[in-house]
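As structure tokens, the structure follows; a few thoughts come after it.
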Amino acid sequence: MERFFKLKENGTTVRTEIMAGLTTFMAMAYILSVNPGTLTAFGRIDMGWYSVFLATALAAGIFTIAMGLFINFPVALAPGMGLNAYFASVVLSSATSAHPFTWQMGLTAVFISGLIFILLTVTRVRQILLDAIPDSLKHAITVGIGLFITIIGLKNSGIMTIGVEAGNAIPANTFTDVLYFETVLHLGSLNNTNVQLALIGLVLIGILMVLEVKGAILFGILGTTVIGMLMGAVDFATLSNPSTPWVPDFTQLNFLAFDWNGILHTGIISAIATFTFVELFDTFGTLVGTAQRAGIMDNSETGKKRVGKAMLVDAAAVAGGAMLGTSTTTAYIESAAGVAEGGRTGLTAVTTGVCFLLALFLAPVAALIPGSATAAALIIVGVLMAQSIRRIDFNDMVIAIPSFLTLAIMPFTYNIANGISFGIVTYVILAFVANLAGKKKYDIHWMMWLLAVLVVLRYLLIGSQG
């Protein structure tokens with residue numbers, strides 16, 4: 001073990017690595033309860049809560065261990081927040097259309113994006129795309145996804161409600177143009193038990209984070225669940241429910257549940273592009289940020305090589321996770337918690353991965369957690385992702401306007417792709433005009449021009465509503 005993970009060379013020990021791996025697991029174990037609820041839209045999508053739980057634990061366990069064994073990298077992977085929410089929103093929004101975008105098609109889109117990822121990584125096109133997008137837009141994408149996740153948490157908890165006050169009747173399941181005074185976001189009823197529990201969860205997780213408790217989100221969810229038991233908001237039937245067995249039942253896994261017949265559906269093309277595009281930047285920031293924190297980038301040349309290899313495992317995880325039945329599996333920024341505890345090698349990742357595999361035997365406990373508790377966690381995750389906003393220069397309008405449109409349009413149109421699209425097109429236009437005026441020289445990579453053209457063609461040919 002000493003020689004395999006090069007512990008002495010990296011200035012660490014077995015004990016330190018194992019403790020770091022446990023810390024990383026505690027920091028990101030919330031995904032075991034949050035992801036099944038998000039992908040199934042709390043019962044509105046028939047993927048099966050337990051099926052998604054299995055896929056989540058397996059994907060996190062298998063590919064985190066792979067990252068540790070093959071790359072010797074202290075980074076854990078699991079189904080990513082934001083893209084799982086996007087997955088669910090696309091499926092729900094098209095449920096009543098003539099050509100619904102099913103969850104099977106969604107998994108197919110994720111699988112294809114994984115194959116594209118592998119190709120982009122091997123050919124190094126991935127690095128070109130990363131250089132092409134301005135840093136401000138990368139940070140805006142992160143913030144926008146955070147706001148997107150926050151709205152989902154607010155909506156699922158009942159803290160946010162929508163009051164429709166239109167003069168004319170609005171048909172169900174339609175997109176309707178309304179005036180500014182006709183549809184208003186409201187605060188939910190504070191007499192509602194779910195709302196009360198979500199607010200308690202927010203405060204509890206917040207207090208734990210202020211006190212810098214390792215695994216604050218997980219402990220906050222568990223604490224909120226205990227309080228929910230006292231309030232009568234927890235269904236104990238899950239502990240003996242055969243649909244959430246203590247011993248893993250892999251026959252319920254949505255393995256290879258792809259829909260190849262719907263591959264040419266217009267929606268799936270947009271979904272593939274979004275999954276690929278968002279994951280591209282999310283993974284890059286996580287891997288590089290964690291590598292820097294772990295000291296891996298102290299030697300720039302060897303550091304870049306290791307990050308490049310880690311990207312290949314991450315790409316394989318996207319396709320592999322889809323095969324198991326979950327949305328995009330990606331590197332987790334929570335890995336920084338383990339690095340902060342001294343994790344420097346792949347033994348940290350292996351420890352975290354083993355914990356996820358052991359969690360397969362805790363499905364009834366995860367199912368016990370009320371939706372309000374996980375909704376509170378979603379809102380807190382939004383807070384963490386919004387921290388990137390400080391890296392955007394809002395004094396420069398060429399940067400500020402595209403960045404703001406990116407982070408605002410995502411949540412308010414309930415679509416990650418819309419935000420990214422508006423950001424790219426407006427940056428290209430404003431930077432081009434500024435360059436012509438000679439005010440300041442802005443770099444517009446040729447890939448940005450190509451992406452802008454593709455975005456415009458997408459909306460012209462496919463449409464936009466919804």
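If you're wondering about the labels, chains in the structure tokens are A, B, ... by order shown, residues count from 1 in each chain, ligands from 1 in order shown.
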* To do: Excluding segment 25-37 of chain A and residues on its chain fewer than 6 positions from it, collect all residues at most 7 Å away from it, counting only C-alpha atoms, and give them as an MDAnalysis selection string.
  => chainID A and resid 49 52:53 56:57 214:218 334 337 352 355 366:367 374
Limited to N, CA and C atoms, could you put the picked residues into a file as a tab-separated table (two decimals), in the first residue's frame?
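Contents of again-v6.tsv, freshly written:
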```tsv
chain	number	residue	atom	x	y	z
A	49	TRP	N	-37.38	5.27	-6.82
A	49	TRP	CA	-36.47	5.85	-5.83
A	49	TRP	C	-35.32	4.89	-5.53
A	52	VAL	N	-32.70	4.49	-8.36
A	52	VAL	CA	-31.75	5.61	-8.44
A	52	VAL	C	-30.78	5.57	-7.27
A	53	PHE	N	-31.26	5.16	-6.10
A	53	PHE	CA	-30.37	5.03	-4.94
A	53	PHE	C	-29.25	4.04	-5.24
A	56	THR	N	-26.82	5.55	-7.69
A	56	THR	CA	-26.03	6.60	-7.07
A	56	THR	C	-24.88	6.02	-6.25
A	57	ALA	N	-25.19	5.05	-5.40
A	57	ALA	CA	-24.16	4.43	-4.55
A	57	ALA	C	-23.13	3.68	-5.39
A	214	LYS	N	-17.39	19.07	10.11
A	214	LYS	CA	-17.18	18.25	8.92
A	214	LYS	C	-18.45	17.44	8.64
A	215	GLY	N	-18.89	17.45	7.38
A	215	GLY	CA	-20.12	16.74	7.03
A	215	GLY	C	-21.36	17.49	7.50
A	216	ALA	N	-21.28	18.84	7.52
A	216	ALA	CA	-22.38	19.66	8.04
A	216	ALA	C	-23.70	19.39	7.31
A	217	ILE	N	-23.64	19.25	5.99
A	217	ILE	CA	-24.87	19.03	5.22
A	217	ILE	C	-25.51	17.69	5.59
A	218	LEU	N	-24.68	16.65	5.65
A	218	LEU	CA	-25.20	15.33	6.01
A	218	LEU	C	-25.78	15.33	7.42
A	334	GLU	N	-16.63	18.68	-2.96
A	334	GLU	CA	-16.55	18.29	-1.55
A	334	GLU	C	-15.29	17.47	-1.25
A	337	ALA	N	-12.75	18.72	1.19
A	337	ALA	CA	-12.86	18.49	2.64
A	337	ALA	C	-11.85	17.44	3.08
A	352	THR	N	-13.19	6.59	0.35
A	352	THR	CA	-14.51	7.20	0.10
A	352	THR	C	-15.38	6.28	-0.74
A	355	CYS	N	-16.83	3.39	1.21
A	355	CYS	CA	-17.94	3.85	2.06
A	355	CYS	C	-19.24	3.92	1.26
A	366	ALA	N	-31.91	5.91	4.19
A	366	ALA	CA	-31.93	7.03	3.25
A	366	ALA	C	-33.35	7.37	2.83
A	367	ALA	N	-34.19	6.34	2.65
A	367	ALA	CA	-35.58	6.56	2.23
A	367	ALA	C	-36.41	7.19	3.34
A	374	THR	N	-34.04	17.23	2.46
A	374	THR	CA	-33.18	17.28	1.29
A	374	THR	C	-33.36	18.61	0.55
```
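Residue neighbourhood of Ser243 of chain A, excluding near-sequence residues (fewer than 5 positions): A:Trp49, A:Tyr50, A:Thr238, A:Pro364, at 9 Å, using only C-alpha atoms.
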* Distance of atom CA of Ala41 of chain A from atom CA of Met105 of chain A, expressed in Å to one decimal place ->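 Atom CA of Ala41 of chain A lies 16.2 Å from atom CA of Met105 of chain A.
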* Run DSSP on the backbone and give me the residues of segment 84-288 of chain A it puts in strand (DSSP E), as JSON, numbers by chain. => {"A": [160, 161, 162, 163, 164, 183, 184, 185, 186, 187]}
* **Length of the atom CA of Gly68 of chain A to atom CA of Ser335 of chain A vector [Å]** => 12.2 Å
* Asked: For Gly80 of chain A, which residue among A:Val318, A:Leu154, A:Leu119, A:Val125 is the nearest when counting only C-alpha atoms?
  ->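 When distances to Gly80 of chain A are compared using only C-alpha atoms, the smallest one comes from A:Val318.
Among the candidates A:Phe432, A:Phe42, A:Phe148, A:Phe277, the one nearest to Leu378 of chain A when counting only C-alpha atoms is A:Phe148.
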* Residues of segment 106-353 of chain A in helix (DSSP H, G or I), written as JSON, numbers by chain -> {"A": [106, 107, 108, 109, 110, 111, 112, 113, 114, 115, 116, 117, 118, 119, 120, 121, 122, 125, 126, 127, 128, 129, 130, 131, 132, 135, 136, 137, 138, 139, 140, 141, 142, 143, 144, 145, 146, 147, 148, 149, 150, 151, 152, 153, 154, 155, 156, 157, 193, 194, 195, 196, 197, 198, 199, 200, 201, 202, 203, 204, 205, 206, 207, 208, 209, 210, 216, 217, 218, 219, 220, 221, 222, 223, 224, 225, 226, 227, 228, 229, 230, 231, 236, 237, 238, 239, 240, 250, 251, 252, 260, 261, 262, 266, 267, 268, 269, 270, 271, 272, 273, 274, 275, 276, 277, 278, 279, 280, 281, 282, 283, 284, 285, 286, 287, 288, 289, 290, 291, 292, 293, 296, 297, 298, 300, 301, 302, 303, 304, 305, 306, 307, 308, 309, 310, 311, 312, 313, 314, 315, 316, 317, 318, 319, 320, 321, 322, 323, 324, 335, 336, 337, 338, 339, 340, 346, 347, 348, 349, 350, 351, 352, 353]}
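You will find atom CA of Leu239 of chain A at 17.4 Å from atom CA of Leu358 of chain A.
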* Of the residues A:Ser189, A:Leu204, A:Leu147, A:Val14, which is the one nearest to Thr225 of chain A, using only C-alpha atoms? -> A:Leu204
